[in-house]
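Asks: Structure incoming, see below.
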Amino acid sequence: MTIFSRLLAPASVALCALAALPAQAQVEGRIATVDISRTVIGTTAFQTAYEQVNTTYAQQNELRRTKAQERQTLLLTFDTNADKQVDDAELAAKQNTPDFTKLQTLEAEIQQLSNQIDAARVYAVEQIIAQYGAALQEVTTQQQINLVVDPSSLLFAAPEADVTQQVTNSLNAKVPNVGIVPPANWQPSREAVQLYQDIQQRLMTAQMIQQRQQQQQGNQQAPAGR
């Protein structure tokens with residue numbers, strides 16, 4: 001179990017505590033929405049930090065890919081029925097063999113390398129969200145906003161109510177850059193871990209959508225067969 005999984009609470013951890021409003025509650029003044037993950041992703045500090053992590057931890061990334069390939073090759077020897085899957089019975093059959101010990105070693109090494117890369121990214125996110133409250137307060141004060149909610153909590157949110165970009169702009173001024181090398185004995189906050197996982201999921205989803213669109217465009221541009 002990694003330091004990140006240990007810190008995750010069973011329920012999602014909110015960065016800002018919002019009081020639950022009854023269905024008929026009336027709020028005087030302006031209501032706005034802010035997408036916290038999109039706010040952080042849009043900052044220059046976040047984008048620069050992720051590029052720096054890719055460069056600084058390039059060796060760890062490459063070594064992780066190499067060991068993942070070794071693990072995949074090794075698992076092929078576990079697949080005795082050639083169904084391209086390793087079930088519990090096949091895994092148990094190898095439990096007292098050198099191959100099983102090698103598999104455990106590879107998995108531990110892969111996890112350790114992943115932890116180094118994840119820690120650098122979480123550390124960057126944590127530094128950005130340390131100024132999130134101040135940035136949000138600045139925007140709400142300037143625009144005389146009385147209540148801020150997450151857009152996912154509403155059935156419908158008007159586009160003009162979204163102040164995510166304004167909060168991002170404020171964060172850019174408050175946190176122009178961040179470090180990517182955590183200090184010794186640093187432990188990530190729950191909020192940073194939770195937000196990092198949401199960000200990673202969004203980035204992966206966006207990448208999949210982009211790849212699918214590129215594939216569709218390629219299929220449309222390909223000449224029809226005769």
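Residues in the structure tokens are named by chain (A, B, ... in the order shown) and by number from 1 within that chain; ligands are numbered from 1 in the order shown.
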Name the residues in contact with A:Thr77 at a cut-off of 10 Å, using only C-alpha atoms, excluding same-chain residues fewer than 4 positions from it; report them as a PDB file with all heavy atoms, in the first residue's frame.
Replies:
```pdb
ATOM      1  N   GLN A  72       5.467  -8.080 -17.775  1.00  0.00           N
ATOM      2  CA  GLN A  72       4.517  -8.643 -18.721  1.00  0.00           C
ATOM      3  C   GLN A  72       5.073  -9.906 -19.364  1.00  0.00           C
ATOM      4  O   GLN A  72       4.349 -10.898 -19.539  1.00  0.00           O
ATOM      5  CB  GLN A  72       4.195  -7.596 -19.804  1.00  0.00           C
ATOM      6  CG  GLN A  72       3.035  -7.976 -20.702  1.00  0.00           C
ATOM      7  CD  GLN A  72       1.720  -8.129 -19.938  1.00  0.00           C
ATOM      8  OE1 GLN A  72       1.507  -7.451 -18.925  1.00  0.00           O
ATOM      9  NE2 GLN A  72       0.860  -9.022 -20.409  1.00  0.00           N
ATOM     10  N   THR A  73       6.346  -9.882 -19.713  1.00  0.00           N
ATOM     11  CA  THR A  73       6.988 -11.063 -20.311  1.00  0.00           C
ATOM     12  C   THR A  73       7.018 -12.220 -19.323  1.00  0.00           C
ATOM     13  O   THR A  73       6.766 -13.372 -19.689  1.00  0.00           O
ATOM     14  CB  THR A  73       8.426 -10.714 -20.755  1.00  0.00           C
ATOM     15  OG1 THR A  73       8.372  -9.654 -21.710  1.00  0.00           O
ATOM     16  CG2 THR A  73       9.110 -11.926 -21.384  1.00  0.00           C
ATOM     17  N   ALA A  82      -2.842 -20.592 -21.799  1.00  0.00           N
ATOM     18  CA  ALA A  82      -2.719 -19.721 -22.987  1.00  0.00           C
ATOM     19  C   ALA A  82      -3.985 -18.920 -23.289  1.00  0.00           C
ATOM     20  O   ALA A  82      -4.322 -18.693 -24.447  1.00  0.00           O
ATOM     21  CB  ALA A  82      -2.339 -20.564 -24.203  1.00  0.00           C
ATOM     22  N   VAL A  86      -3.845 -14.431 -16.275  1.00  0.00           N
ATOM     23  CA  VAL A  86      -3.271 -15.218 -15.179  1.00  0.00           C
ATOM     24  C   VAL A  86      -4.293 -15.265 -14.048  1.00  0.00           C
ATOM     25  O   VAL A  86      -4.555 -14.252 -13.399  1.00  0.00           O
ATOM     26  CB  VAL A  86      -1.949 -14.597 -14.678  1.00  0.00           C
ATOM     27  CG1 VAL A  86      -1.401 -15.410 -13.501  1.00  0.00           C
ATOM     28  CG2 VAL A  86      -0.923 -14.546 -15.808  1.00  0.00           C
ATOM     29  N   GLU A  90      -3.304 -20.309 -11.525  1.00  0.00           N
ATOM     30  CA  GLU A  90      -2.005 -20.217 -12.195  1.00  0.00           C
ATOM     31  C   GLU A  90      -0.995 -19.468 -11.333  1.00  0.00           C
ATOM     32  O   GLU A  90       0.194 -19.813 -11.297  1.00  0.00           O
ATOM     33  CB  GLU A  90      -2.169 -19.537 -13.552  1.00  0.00           C
ATOM     34  CG  GLU A  90      -2.930 -20.393 -14.564  1.00  0.00           C
ATOM     35  CD  GLU A  90      -3.289 -19.617 -15.826  1.00  0.00           C
ATOM     36  OE1 GLU A  90      -3.490 -18.387 -15.738  1.00  0.00           O
ATOM     37  OE2 GLU A  90      -3.382 -20.248 -16.896  1.00  0.00           O
ATOM     38  N   LYS A  94       2.647 -21.075  -9.141  1.00  0.00           N
ATOM     39  CA  LYS A  94       3.997 -20.517  -9.258  1.00  0.00           C
ATOM     40  C   LYS A  94       4.502 -19.918  -7.942  1.00  0.00           C
ATOM     41  O   LYS A  94       5.621 -19.382  -7.887  1.00  0.00           O
ATOM     42  CB  LYS A  94       3.997 -19.413 -10.316  1.00  0.00           C
ATOM     43  CG  LYS A  94       3.905 -19.910 -11.747  1.00  0.00           C
ATOM     44  CD  LYS A  94       5.286 -20.264 -12.263  1.00  0.00           C
ATOM     45  CE  LYS A  94       5.282 -20.471 -13.762  1.00  0.00           C
ATOM     46  NZ  LYS A  94       6.648 -20.700 -14.284  1.00  0.00           N
ATOM     47  N   ASP A  99      10.395 -17.622 -10.155  1.00  0.00           N
ATOM     48  CA  ASP A  99       9.673 -16.676 -11.009  1.00  0.00           C
ATOM     49  C   ASP A  99       8.693 -15.832 -10.200  1.00  0.00           C
ATOM     50  O   ASP A  99       8.507 -14.635 -10.477  1.00  0.00           O
ATOM     51  CB  ASP A  99       8.913 -17.419 -12.112  1.00  0.00           C
ATOM     52  CG  ASP A  99       9.815 -17.838 -13.255  1.00  0.00           C
ATOM     53  OD1 ASP A  99      10.955 -17.346 -13.304  1.00  0.00           O
ATOM     54  OD2 ASP A  99       9.392 -18.661 -14.090  1.00  0.00           O
TER      55      ASP A  99
END
```
Asks: If you run DSSP on the backbone here, which positions in stretch 52-217 of chain A get alpha helix (DSSP H)? Please write them as a PyMOL selection string.
Replies: chain A and resi 52-56+58-76+88-93+98-129+132-142+164-174+190-217
Asks: In Å to one decimal, how far is atom CA of A:Gln200 from atom CA of A:Asn219?
Replies: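 Answer for the atom CA of A:Asn219 to atom CA of A:Gln200 separation: 28.6 Å.
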Asks: Using Å and a single decimal, report how far atom CA of A:Thr105 sits from atom CA of A:Asp118.
Replies: 19.8 Å
Asks: Excluding same-chain residues fewer than 5 positions from stretch 163-168 of chain A, what lies within 8 Å of it counting only C-alpha atoms, as a ChimeraX atom specification?
Replies: /A:32-36,38-40,42-43,132,135-136,139
Asks: With distances taken over only C-alpha atoms, which of A:Val53, A:Thr80, A:Ala130, A:Arg64 is nearest to A:Ala93?
Replies: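 Looking only at the distances to A:Ala93, the closest residue turns out to be A:Thr80.
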Asks: Mind checking DSSP for stretch 96-200 of chain A and telling me the strand (DSSP E) residues as a ChimeraX atom specification?
Replies: /A:145-149
Asks: Select, from A:Ala49, A:Leu171, A:Val178, A:Ala120, the residue with the minimum atom-to-atom distance to A:Gly133, counting only C-alpha atoms.
Replies: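 Going through A:Ala49, A:Leu171, A:Val178, A:Ala120 one by one, the smallest distance to A:Gly133 is for A:Leu171.
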Asks: Rounded to one decimal place, report the atom CA of A:Val193-atom CA of A:Tyr50 distance in Å.
Replies: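 These atoms are spaced 15.5 Å apart.
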Asks: At a cut-off of 10 Å, using only C-alpha atoms, what residues contact A:Leu63? Leave out same-chain residues fewer than 4 positions from it and give the result as JSON, numbers by chain.
Replies: {"A": [57, 58, 59, 67, 68, 69, 109, 110, 113]}
Asks: Find the residue from A:Gln116, A:Glu62, A:Thr97, A:Ala173 that sits nearest to A:Glu138; use only C-alpha atoms when measuring.
Replies: A:Ala173
